[in-house]
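Visitor: Supplied structure: work_27.json, JSON, C-alpha atoms.
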[["chain", "number", "residue", "atom", "x", "y", "z"],
["A", 1, "MET", "CA", 6.73, 1.39, 44.37],
["A", 2, "LYS", "CA", 7.00, 3.65, 41.35],
["A", 3, "MET", "CA", 5.53, 2.54, 38.03],
["A", 4, "GLU", "CA", 8.84, 2.43, 36.17],
["A", 5, "GLU", "CA", 10.35, 0.43, 38.98],
["A", 6, "LEU", "CA", 7.42, -1.93, 38.99],
["A", 7, "LEU", "CA", 7.62, -2.57, 35.25],
["A", 8, "GLU", "CA", 11.39, -2.94, 35.28],
["A", 9, "ASN", "CA", 11.22, -5.51, 38.07],
["A", 10, "THR", "CA", 8.52, -7.52, 36.39],
["A", 11, "LYS", "CA", 10.04, -10.79, 35.24],
["A", 12, "ARG", "CA", 8.95, -12.97, 32.38],
["A", 13, "LEU", "CA", 7.16, -16.02, 33.66],
["A", 14, "ASN", "CA", 7.84, -19.63, 32.81],
["A", 15, "ALA", "CA", 5.33, -21.39, 30.62],
["A", 16, "PRO", "CA", 3.81, -24.42, 32.35],
["A", 17, "ASP", "CA", 5.26, -27.82, 31.46],
["A", 18, "THR", "CA", 1.76, -29.06, 30.72],
["A", 19, "LEU", "CA", 1.45, -26.69, 27.77],
["A", 20, "TRP", "CA", 3.46, -28.80, 25.31],
["A", 21, "GLN", "CA", 1.64, -31.93, 26.49],
["A", 22, "ARG", "CA", -1.69, -30.29, 25.69],
["A", 23, "VAL", "CA", -0.49, -29.10, 22.29],
["A", 24, "GLU", "CA", 1.02, -32.48, 21.45],
["A", 25, "LYS", "CA", -2.17, -34.26, 22.47],
["A", 26, "GLU", "CA", -4.32, -32.06, 20.28],
["A", 27, "MET", "CA", -1.95, -32.55, 17.35],
["A", 28, "ALA", "CA", -2.21, -36.31, 17.88],
["A", 29, "ASP", "CA", -6.01, -36.05, 18.15],
["A", 30, "GLY", "CA", -6.18, -34.87, 14.60],
["A", 31, "ALA", "CA", -5.24, -31.22, 14.42],
["A", 32, "GLY", "CA", -3.96, -31.78, 10.90],
["A", 33, "GLN", "CA", -1.99, -29.24, 8.98],
["A", 34, "VAL", "CA", -3.58, -27.23, 6.21],
["A", 35, "LYS", "CA", -1.63, -28.06, 3.08],
["A", 36, "THR", "CA", -1.30, -25.59, 0.26],
["A", 37, "PRO", "CA", -2.28, -27.42, -2.96],
["A", 38, "GLY", "CA", 0.23, -27.42, -5.79],
["A", 39, "PHE", "CA", -0.47, -26.39, -9.39],
["A", 40, "MET", "CA", -1.37, -29.91, -10.60],
["A", 41, "GLU", "CA", -3.62, -30.52, -7.60],
["A", 42, "ARG", "CA", -5.47, -27.28, -8.25],
["A", 43, "LEU", "CA", -5.82, -28.09, -11.95],
["A", 44, "ILE", "CA", -7.19, -31.55, -11.22],
["A", 45, "THR", "CA", -9.62, -30.12, -8.68],
["A", 46, "LEU", "CA", -10.78, -27.50, -11.15],
["A", 47, "LEU", "CA", -11.35, -30.06, -13.90],
["A", 48, "ALA", "CA", -13.04, -32.50, -11.54],
["A", 49, "ASN", "CA", -15.39, -29.90, -10.07],
["A", 50, "PRO", "CA", -15.91, -27.23, -12.70],
["A", 51, "LYS", "CA", -18.09, -24.36, -11.63],
["A", 52, "PRO", "CA", -21.35, -24.09, -13.62],
["A", 53, "ALA", "CA", -20.88, -20.45, -14.55],
["A", 54, "LEU", "CA", -17.40, -21.12, -15.88],
["A", 55, "SER", "CA", -18.60, -24.11, -17.92],
["A", 56, "LEU", "CA", -21.49, -22.15, -19.39],
["A", 57, "ALA", "CA", -19.20, -19.26, -20.29],
["A", 58, "ALA", "CA", -16.78, -21.64, -22.02],
["A", 59, "VAL", "CA", -19.58, -23.34, -24.01],
["A", 60, "ALA", "CA", -21.04, -19.97, -25.00],
["A", 61, "ALA", "CA", -17.64, -18.74, -26.17],
["A", 62, "VAL", "CA", -17.10, -21.85, -28.34],
["A", 63, "ALA", "CA", -20.63, -21.62, -29.83],
["A", 64, "LEU", "CA", -20.16, -17.95, -30.66],
["A", 65, "THR", "CA", -16.84, -18.61, -32.36],
["A", 66, "LEU", "CA", -18.30, -21.42, -34.46],
["A", 67, "THR", "CA", -21.30, -19.31, -35.46],
["A", 68, "ILE", "CA", -19.11, -16.46, -36.64],
["A", 69, "ARG", "CA", -16.75, -18.77, -38.54],
["A", 70, "LEU", "CA", -19.28, -21.07, -40.19],
["A", 71, "ALA", "CA", -22.27, -18.81, -40.90],
["A", 72, "PRO", "CA", -22.63, -17.83, -44.66],
["A", 73, "ASN", "CA", -21.67, -14.28, -45.39],
["A", 74, "PRO", "CA", -24.49, -12.80, -47.58],
["A", 75, "GLU", "CA", -23.23, -10.46, -50.28],
["A", 76, "VAL", "CA", -25.35, -7.36, -50.70],
["A", 77, "THR", "CA", -25.44, -5.79, -54.17],
["A", 78, "ILE", "CA", -25.81, -2.05, -54.21],
["A", 79, "GLU", "CA", -27.26, -0.78, -57.46],
["A", 80, "PRO", "CA", -26.33, 2.70, -58.64],
["A", 81, "ILE", "CA", -29.00, 5.42, -58.47],
["A", 82, "GLN", "CA", -30.74, 5.87, -61.80],
["A", 83, "PRO", "CA", -31.92, 9.27, -63.17],
["A", 84, "ASP", "CA", -35.56, 8.24, -62.66],
["A", 85, "ASP", "CA", -34.86, 7.59, -58.98],
["A", 86, "THR", "CA", -33.37, 11.04, -58.58],
["A", 87, "ILE", "CA", -36.50, 12.64, -60.01],
["A", 88, "GLU", "CA", -38.67, 10.60, -57.66],
["A", 89, "VAL", "CA", -36.60, 11.57, -54.65],
["A", 90, "ASN", "CA", -36.61, 15.26, -55.56],
["A", 91, "LYS", "CA", -40.36, 15.15, -55.98],
["A", 92, "PHE", "CA", -40.79, 13.48, -52.63],
["A", 93, "ILE", "CA", -38.64, 16.07, -50.85],
["A", 94, "ASP", "CA", -40.41, 18.91, -52.53],
["A", 95, "GLU", "CA", -43.83, 17.60, -51.49],
["A", 96, "THR", "CA", -42.90, 16.75, -47.94],
["A", 97, "LEU", "CA", -40.63, 19.59, -46.87],
["A", 98, "GLY", "CA", -42.39, 22.10, -48.97],
["A", 99, "THR", "CA", -45.45, 21.98, -46.76],
["A", 100, "MET", "CA", -43.48, 21.83, -43.55],
["A", 101, "PHE", "CA", -41.31, 24.87, -44.21],
["A", 102, "SER", "CA", -43.71, 27.12, -46.01],
["A", 103, "TYR", "CA", -43.88, 30.87, -45.75],
["A", 104, "ASP", "CA", -46.92, 33.07, -45.71],
["A", 105, "SER", "CA", -47.18, 36.25, -47.71],
["A", 106, "ASP", "CA", -45.08, 38.16, -45.14],
["A", 107, "PHE", "CA", -42.37, 35.50, -45.51],
["A", 108, "THR", "CA", -42.98, 34.36, -41.94],
["A", 109, "LEU", "CA", -42.25, 30.72, -41.42],
["A", 110, "ILE", "CA", -45.44, 28.79, -40.91],
["A", 111, "SER", "CA", -46.09, 25.14, -40.30],
["A", 112, "GLY", "CA", -48.81, 22.60, -39.44],
["A", 113, "ASP", "CA", -52.41, 23.15, -40.63],
["A", 114, "LYS", "CA", -51.67, 26.67, -41.69],
["A", 115, "ALA", "CA", -48.93, 25.39, -43.92],
["A", 116, "ASP", "CA", -51.36, 23.01, -45.61],
["A", 117, "ASN", "CA", -53.46, 25.96, -46.76],
["A", 118, "THR", "CA", -50.53, 27.79, -48.14],
["A", 119, "GLU", "CA", -49.93, 27.42, -51.78],
["A", 120, "LEU", "CA", -46.28, 28.30, -51.52],
["A", 121, "THR", "CA", -44.13, 25.24, -51.98],
["A", 122, "LEU", "CA", -40.55, 24.98, -50.81],
["A", 123, "SER", "CA", -39.12, 25.75, -54.17],
["A", 124, "GLU", "CA", -41.31, 28.84, -54.50],
["A", 125, "GLY", "CA", -40.34, 29.94, -51.01],
["A", 126, "LEU", "CA", -36.72, 29.52, -51.85],
["A", 127, "ASP", "CA", -37.17, 31.51, -55.03],
["A", 128, "ASN", "CA", -38.66, 34.37, -52.99],
["A", 129, "ILE", "CA", -35.86, 34.32, -50.44],
["A", 130, "LEU", "CA", -33.23, 34.30, -53.14],
["A", 131, "TRP", "CA", -34.99, 37.17, -54.87],
["A", 132, "ILE", "CA", -35.10, 39.27, -51.70],
["A", 133, "ASN", "CA", -31.50, 38.59, -50.82],
["A", 134, "GLY", "CA", -30.47, 39.19, -54.36],
["A", 135, "GLY", "CA", -32.44, 42.44, -54.34],
["A", 136, "ASP", "CA", -30.80, 43.57, -51.10],
["A", 137, "ASN", "CA", -27.40, 42.80, -52.40],
["A", 138, "ALA", "CA", -28.12, 44.53, -55.56],
["B", 1, "MET", "CA", 19.19, -25.17, 12.97],
["B", 2, "ASP", "CA", 17.74, -21.77, 12.08],
["B", 3, "ASP", "CA", 14.06, -20.82, 12.05],
["B", 4, "PHE", "CA", 13.82, -21.13, 8.27],
["B", 5, "ASP", "CA", 14.73, -24.82, 8.27],
["B", 6, "LEU", "CA", 12.57, -25.51, 11.29],
["B", 7, "ILE", "CA", 9.58, -23.80, 9.67],
["B", 8, "LYS", "CA", 10.11, -25.74, 6.45],
["B", 9, "ARG", "CA", 10.38, -29.05, 8.24],
["B", 10, "ALA", "CA", 7.45, -28.31, 10.55],
["B", 11, "GLY", "CA", 5.42, -27.40, 7.48],
["B", 12, "GLN", "CA", 6.11, -30.89, 6.16],
["B", 13, "GLY", "CA", 4.68, -32.36, 9.36],
["B", 14, "ASP", "CA", 7.90, -32.76, 11.38],
["B", 15, "GLU", "CA", 6.73, -32.57, 15.00],
["B", 16, "LYS", "CA", 10.28, -32.47, 16.36],
["B", 17, "ALA", "CA", 11.01, -29.32, 14.36],
["B", 18, "PHE", "CA", 7.74, -27.84, 15.59],
["B", 19, "LYS", "CA", 8.69, -28.63, 19.19],
["B", 20, "GLU", "CA", 11.86, -26.58, 18.71],
["B", 21, "LEU", "CA", 9.83, -23.65, 17.44],
["B", 22, "PHE", "CA", 7.49, -24.09, 20.39],
["B", 23, "GLU", "CA", 10.42, -23.91, 22.82],
["B", 24, "LYS", "CA", 11.66, -20.70, 21.19],
["B", 25, "HIS", "CA", 8.34, -18.90, 21.40],
["B", 26, "LYS", "CA", 6.50, -20.42, 24.36],
["B", 27, "THR", "CA", 7.66, -17.77, 26.85],
["B", 28, "PHE", "CA", 6.28, -14.90, 24.80],
["B", 29, "VAL", "CA", 3.01, -16.71, 24.11],
["B", 30, "TRP", "CA", 2.60, -17.68, 27.75],
["B", 31, "ASN", "CA", 3.43, -14.25, 29.18],
["B", 32, "VAL", "CA", 1.04, -12.41, 26.88],
["B", 33, "SER", "CA", -1.71, -14.97, 27.42],
["B", 34, "TYR", "CA", -1.28, -14.96, 31.18],
["B", 35, "ARG", "CA", -0.94, -11.20, 31.64],
["B", 36, "MET", "CA", -3.95, -10.51, 29.46],
["B", 37, "THR", "CA", -6.09, -12.76, 31.66],
["B", 38, "TYR", "CA", -4.26, -13.42, 34.95],
["B", 39, "ASP", "CA", -6.00, -16.76, 34.92],
["B", 40, "PHE", "CA", -3.83, -19.88, 34.56],
["B", 41, "ASP", "CA", -6.48, -22.08, 32.99],
["B", 42, "GLU", "CA", -7.63, -19.45, 30.52],
["B", 43, "ALA", "CA", -4.05, -18.55, 29.64],
["B", 44, "GLU", "CA", -3.26, -22.20, 29.01],
["B", 45, "ASP", "CA", -6.26, -22.46, 26.70],
["B", 46, "ILE", "CA", -5.15, -19.38, 24.76],
["B", 47, "ALA", "CA", -1.52, -20.55, 24.50],
["B", 48, "GLN", "CA", -2.62, -24.00, 23.35],
["B", 49, "GLU", "CA", -4.92, -22.45, 20.75],
["B", 50, "VAL", "CA", -2.05, -20.28, 19.49],
["B", 51, "PHE", "CA", 0.30, -23.20, 18.95],
["B", 52, "ILE", "CA", -2.37, -25.34, 17.31],
["B", 53, "LYS", "CA", -3.14, -22.49, 14.91],
["B", 54, "VAL", "CA", 0.57, -22.17, 14.15],
["B", 55, "TRP", "CA", 0.89, -25.93, 13.60],
["B", 56, "LYS", "CA", -2.14, -26.05, 11.31],
["B", 57, "SER", "CA", -1.12, -23.20, 9.08],
["B", 58, "ILE", "CA", 2.67, -23.24, 9.24],
["B", 59, "SER", "CA", 2.86, -24.74, 5.73],
["B", 60, "LYS", "CA", 1.12, -21.58, 4.46],
["B", 61, "PHE", "CA", 3.63, -19.26, 6.14],
["B", 62, "ARG", "CA", 5.32, -17.45, 3.26],
["B", 63, "GLY", "CA", 7.89, -15.47, 5.18],
["B", 64, "THR", "CA", 6.58, -12.03, 4.19],
["B", 65, "SER", "CA", 7.03, -11.09, 7.86],
["B", 66, "ARG", "CA", 9.28, -12.56, 10.52],
["B", 67, "PHE", "CA", 8.06, -15.83, 11.98],
["B", 68, "SER", "CA", 8.15, -14.38, 15.49],
["B", 69, "THR", "CA", 5.93, -11.47, 14.38],
["B", 70, "TRP", "CA", 3.50, -13.95, 12.87],
["B", 71, "VAL", "CA", 3.35, -15.88, 16.16],
["B", 72, "TYR", "CA", 2.95, -12.63, 18.12],
["B", 73, "ARG", "CA", 0.05, -11.62, 15.91],
["B", 74, "ILE", "CA", -1.73, -14.94, 16.40],
["B", 75, "THR", "CA", -1.17, -14.67, 20.15],
["B", 76, "VAL", "CA", -2.54, -11.14, 20.39],
["B", 77, "ASN", "CA", -5.58, -12.00, 18.25],
["B", 78, "SER", "CA", -6.34, -15.11, 20.26],
["B", 79, "ALA", "CA", -6.03, -13.27, 23.57],
["B", 80, "LEU", "CA", -8.20, -10.37, 22.41],
["B", 81, "ASN", "CA", -10.79, -12.76, 20.95],
["B", 82, "THR", "CA", -11.00, -14.62, 24.23],
["B", 83, "LEU", "CA", -11.38, -11.38, 26.16],
["B", 84, "GLY", "CA", -13.95, -10.19, 23.63],
["B", 85, "LYS", "CA", -16.00, -13.34, 24.15],
["B", 86, "ALA", "CA", -15.61, -12.94, 27.90],
["B", 87, "ALA", "CA", -16.89, -9.38, 27.70],
["B", 88, "ARG", "CA", -20.06, -10.71, 26.04],
["B", 89, "ASN", "CA", -20.35, -13.32, 28.77],
["B", 90, "GLU", "CA", -20.36, -11.19, 31.90],
["B", 91, "SER", "CA", -20.38, -14.12, 34.27],
["B", 92, "HIS", "CA", -16.88, -15.02, 33.14],
["B", 93, "PHE", "CA", -14.03, -12.49, 33.19],
["B", 94, "ASP", "CA", -14.20, -9.53, 35.46],
["B", 95, "GLU", "CA", -11.60, -7.21, 36.90],
["B", 96, "GLY", "CA", -11.68, -8.84, 40.29],
["B", 97, "ALA", "CA", -10.94, -12.29, 38.89],
["B", 98, "MET", "CA", -8.21, -10.95, 36.65],
["B", 99, "ALA", "CA", -6.50, -9.09, 39.46],
["B", 100, "HIS", "CA", -6.33, -12.22, 41.57],
["B", 101, "ILE", "CA", -3.00, -14.06, 41.60],
["B", 102, "ASP", "CA", -3.09, -17.76, 42.32],
["B", 103, "THR", "CA", -0.03, -17.63, 44.56],
["B", 104, "GLN", "CA", 0.40, -21.37, 44.86],
["B", 105, "ARG", "CA", 0.38, -21.99, 41.11],
["B", 106, "PHE", "CA", 2.50, -18.91, 40.52],
["B", 107, "MET", "CA", 5.15, -20.31, 42.86],
["B", 108, "ASP", "CA", 4.85, -23.78, 41.34],
["B", 109, "GLN", "CA", 5.60, -22.48, 37.89],
["B", 110, "ASN", "CA", 8.19, -19.92, 38.95],
["B", 111, "PRO", "CA", 10.09, -21.53, 41.83],
["B", 112, "GLU", "CA", 12.68, -18.78, 41.85],
["B", 113, "ALA", "CA", 10.01, -16.13, 42.47],
["B", 114, "ASN", "CA", 10.12, -14.46, 45.86],
["B", 115, "LEU", "CA", 7.46, -12.72, 47.86],
["B", 116, "ALA", "CA", 8.45, -9.31, 46.53],
["B", 117, "GLN", "CA", 7.92, -10.50, 42.98],
["B", 118, "ILE", "CA", 4.55, -11.98, 43.82],
["B", 119, "GLU", "CA", 3.53, -8.69, 45.41],
["B", 120, "ALA", "CA", 4.73, -6.79, 42.33],
["B", 121, "GLU", "CA", 2.74, -9.14, 40.08],
["B", 122, "ARG", "CA", -0.33, -8.63, 42.21],
["B", 123, "ILE", "CA", -0.07, -4.83, 41.95],
["B", 124, "LEU", "CA", 0.60, -5.04, 38.21],
["B", 125, "ALA", "CA", -2.41, -7.31, 37.72],
["B", 126, "GLN", "CA", -4.64, -4.87, 39.58],
["B", 127, "LEU", "CA", -3.40, -1.96, 37.50],
["B", 128, "LEU", "CA", -3.55, -3.75, 34.15],
["B", 129, "ALA", "CA", -7.08, -4.89, 34.96],
["B", 130, "LYS", "CA", -8.14, -1.24, 34.93],
["B", 131, "LEU", "CA", -6.85, -0.63, 31.41],
["B", 132, "ASP", "CA", -8.96, -1.39, 28.38],
["B", 133, "ASN", "CA", -7.79, -4.31, 26.24],
["B", 134, "GLU", "CA", -6.14, -2.16, 23.56],
["B", 135, "ARG", "CA", -3.98, -0.24, 26.03],
["B", 136, "ARG", "CA", -3.27, -3.31, 28.14],
["B", 137, "ILE", "CA", -1.92, -5.30, 25.20],
["B", 138, "VAL", "CA", 0.43, -2.56, 24.02],
["B", 139, "ILE", "CA", 1.73, -1.96, 27.56],
["B", 140, "ILE", "CA", 2.45, -5.68, 27.94],
["B", 141, "LEU", "CA", 4.16, -5.86, 24.56],
["B", 142, "ARG", "CA", 6.25, -2.74, 25.14],
["B", 143, "GLU", "CA", 6.99, -2.64, 28.86],
["B", 144, "ILE", "CA", 7.17, -6.33, 29.67],
["B", 145, "GLU", "CA", 8.04, -8.10, 26.41],
["B", 146, "GLY", "CA", 10.24, -5.26, 25.16],
["B", 147, "LEU", "CA", 8.95, -5.12, 21.57],
["B", 148, "SER", "CA", 9.73, -2.05, 19.47],
["B", 149, "TYR", "CA", 6.98, 0.32, 18.36],
["B", 150, "GLU", "CA", 7.30, -1.04, 14.82],
["B", 151, "GLU", "CA", 6.93, -4.63, 16.01],
["B", 152, "ILE", "CA", 3.89, -3.71, 18.09],
["B", 153, "ALA", "CA", 2.32, -1.95, 15.13],
["B", 154, "GLU", "CA", 2.91, -5.00, 12.95],
["B", 155, "THR", "CA", 1.67, -7.36, 15.65],
["B", 156, "THR", "CA", -1.51, -5.48, 16.50],
["B", 157, "GLY", "CA", -2.23, -4.19, 13.00],
["B", 158, "ALA", "CA", -2.57, -0.64, 14.36],
["B", 159, "PRO", "CA", -0.76, 2.34, 12.80],
["B", 160, "ILE", "CA", 2.44, 3.25, 14.60],
["B", 161, "GLY", "CA", 1.04, 6.63, 15.69],
["B", 162, "THR", "CA", -1.89, 4.87, 17.32],
["B", 163, "VAL", "CA", 0.50, 2.49, 19.06],
["B", 164, "ARG", "CA", 2.54, 5.41, 20.41],
["B", 165, "SER", "CA", -0.53, 7.20, 21.73],
["B", 166, "ARG", "CA", -1.96, 4.03, 23.30],
["B", 167, "ILE", "CA", 1.30, 3.35, 25.09],
["B", 168, "ALA", "CA", 1.57, 6.95, 26.29],
["B", 169, "ARG", "CA", -2.01, 6.95, 27.56],
["B", 170, "GLY", "CA", -1.59, 3.51, 29.09],
["B", 171, "ARG", "CA", 1.52, 4.65, 30.97],
["B", 172, "LYS", "CA", -0.28, 7.77, 32.18],
["B", 173, "ASP", "CA", -3.25, 5.71, 33.38],
["B", 174, "LEU", "CA", -0.94, 3.32, 35.20],
["B", 175, "GLU", "CA", 0.92, 6.20, 36.86],
["B", 176, "GLU", "CA", -2.30, 7.80, 38.04],
["B", 177, "MET", "CA", -3.77, 4.56, 39.29],
["B", 178, "GLY", "CA", -0.50, 3.61, 40.95],
["B", 179, "ALA", "CA", -0.39, 6.94, 42.76],
["B", 180, "LEU", "CA", -3.99, 6.49, 43.83],
["B", 181, "MET", "CA", -3.22, 3.02, 45.21],
["B", 182, "GLU", "CA", -0.30, 4.42, 47.19],
["B", 183, "GLU", "CA", -2.53, 7.09, 48.67],
["B", 184, "ILE", "CA", -5.18, 4.55, 49.69],
["B", 185, "ARG", "CA", -2.51, 2.57, 51.50]]
Now that the file is in, can you turn its structure into structure tokens?
Guide:
Amino acid sequence: MKMEELLENTKRLNAPDTLWQRVEKEMADGAGQVKTPGFMERLITLLANPKPALSLAAVAAVALTLTIRLAPNPEVTIEPIQPDDTIEVNKFIDETLGTMFSYDSDFTLISGDKADNTELTLSEGLDNILWINGGDNA
Amino acid sequence: MDDFDLIKRAGQGDEKAFKELFEKHKTFVWNVSYRMTYDFDEAEDIAQEVFIKVWKSISKFRGTSRFSTWVYRITVNSALNTLGKAARNESHFDEGAMAHIDTQRFMDQNPEANLAQIEAERILAQLLAKLDNERRIVIILREIEGLSYEEIAETTGAPIGTVRSRIARGRKDLEEMGALMEEIR
């Protein structure tokens, strides 16, 4: 018998009569249906059994909101810079950066310990640079 | 009453409506279950499991696919799961057992069957037993149950190209084995 012939002649078989009896019996024995809960049922379940993480997140959110709303807002007064302050600041910059960016006699940038022994301050160094550049341009 | 109403009523716990759905689909479920196992008791267990699963979850059926496709899918999964478990338990299913036809019970359930049909079933059982589960299921769905390639793809969850190649290879295997059986005779 050829394969095509075999498959074509194959008939669908009858299901046994006992099958429905078995299914019916199991249904009667408590094979209950799984019901899909409605919106209200899900809401009630959620409120009755809230998950700890969700509760904590909700409490934290409320606490944060209250803190932001109720906490006093300190007003910071910014005073304008006085002439004396400007002098102090300029002096500070001159002393600090002047030793860091000093030049030796060949106008090579030096720093660190060597810079400490150099008498050139930043302003003097700048004067020299300006003089050289001015000289070149001239 | 159409399937939609029956499904709705069955989902509300109406057993009479469910019985009607059972009657509509029992032949498919039985044929797939039986031809995947060729064991009456095992096939009855699978078919029962299928209908209980359908009963339990019918209220969740949303109609995104056809109801018949949904039932087919449950049937195929249940049959493959049973065969998968059997493969792990070697003392249970084996090719020899599957290829055996219980002639008396076959005749009891199909009184109109004649000897030629029983012989054809016996040969088919022996050939199907040689196929792996994936090829066997698609051959049964296509060649015996007459499902389209699209329906088989949806039922088995395999891409349609895979379904086509499994059917083609399954047919080729059956042809070769059939020819070999003829030669041996």
Visitor: Hey, list the chain B side of the contact with chain A: 7 Å cut-off, all atoms listed in the file, answer as a PyMOL selection string.
Guide: chain B and resi 26-27+30-31+44+48+51-52+55-57+59-60+109-110+120+143-144+175+178
Visitor: Between atom CA of Leu174 of chain B and atom CA of Leu131 of chain B, what is the spacing in Å?
Guide: 8.1 Å
Visitor: Mind working out the centre and edge lengths of an axis-aligned box for segment 62-79 of chain A, all listed atoms inside, 5 Å added to each side, rounded to one decimal in Å and written as AutoDock Vina command-line options?
Guide:
--center_x -22.0 --center_y -11.3 --center_z -42.9 --size_x 20.5 --size_y 31.1 --size_z 39.1
Visitor: Report, in Å to a single decimal, how far apart atom CA of Thr82 of chain B and atom CA of Lys25 of chain A are.
Guide: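 Separating atom CA of Lys25 of chain A from atom CA of Thr82 of chain B is a distance of 21.6 Å.
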Visitor: Which value, in Å to one decimal, gives the distance between atom CA of Arg135 of chain B and atom CA of Ile167 of chain B?
Guide: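 A separation of 6.5 Å between them.
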Visitor: Tell me which of B:Asp3, B:Glu183, B:Glu154, B:Glu176 sits closest to Gly63 of chain B, counting all atoms listed in the file.
Guide: B:Asp3
Visitor: Give me the residues near segment 64-73 of chain B as a list in words, where near means some atom within 10 Å (using all atoms listed in the file) and where sequence neighbours in that chain fewer than 4 positions away do not count.
Guide: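 What passes the distance filter is Asp3, Phe4, Ile7, Leu21, Lys24, His25, Lys26, Phe28, Val29, Val32, Val50, Phe51, Lys53, Val54, Ile58, Asn77, Ser78, Ala79, Leu141, Glu151, Ile152, Ala153, Glu154, Thr155, Thr156 and Gly157 of chain B.
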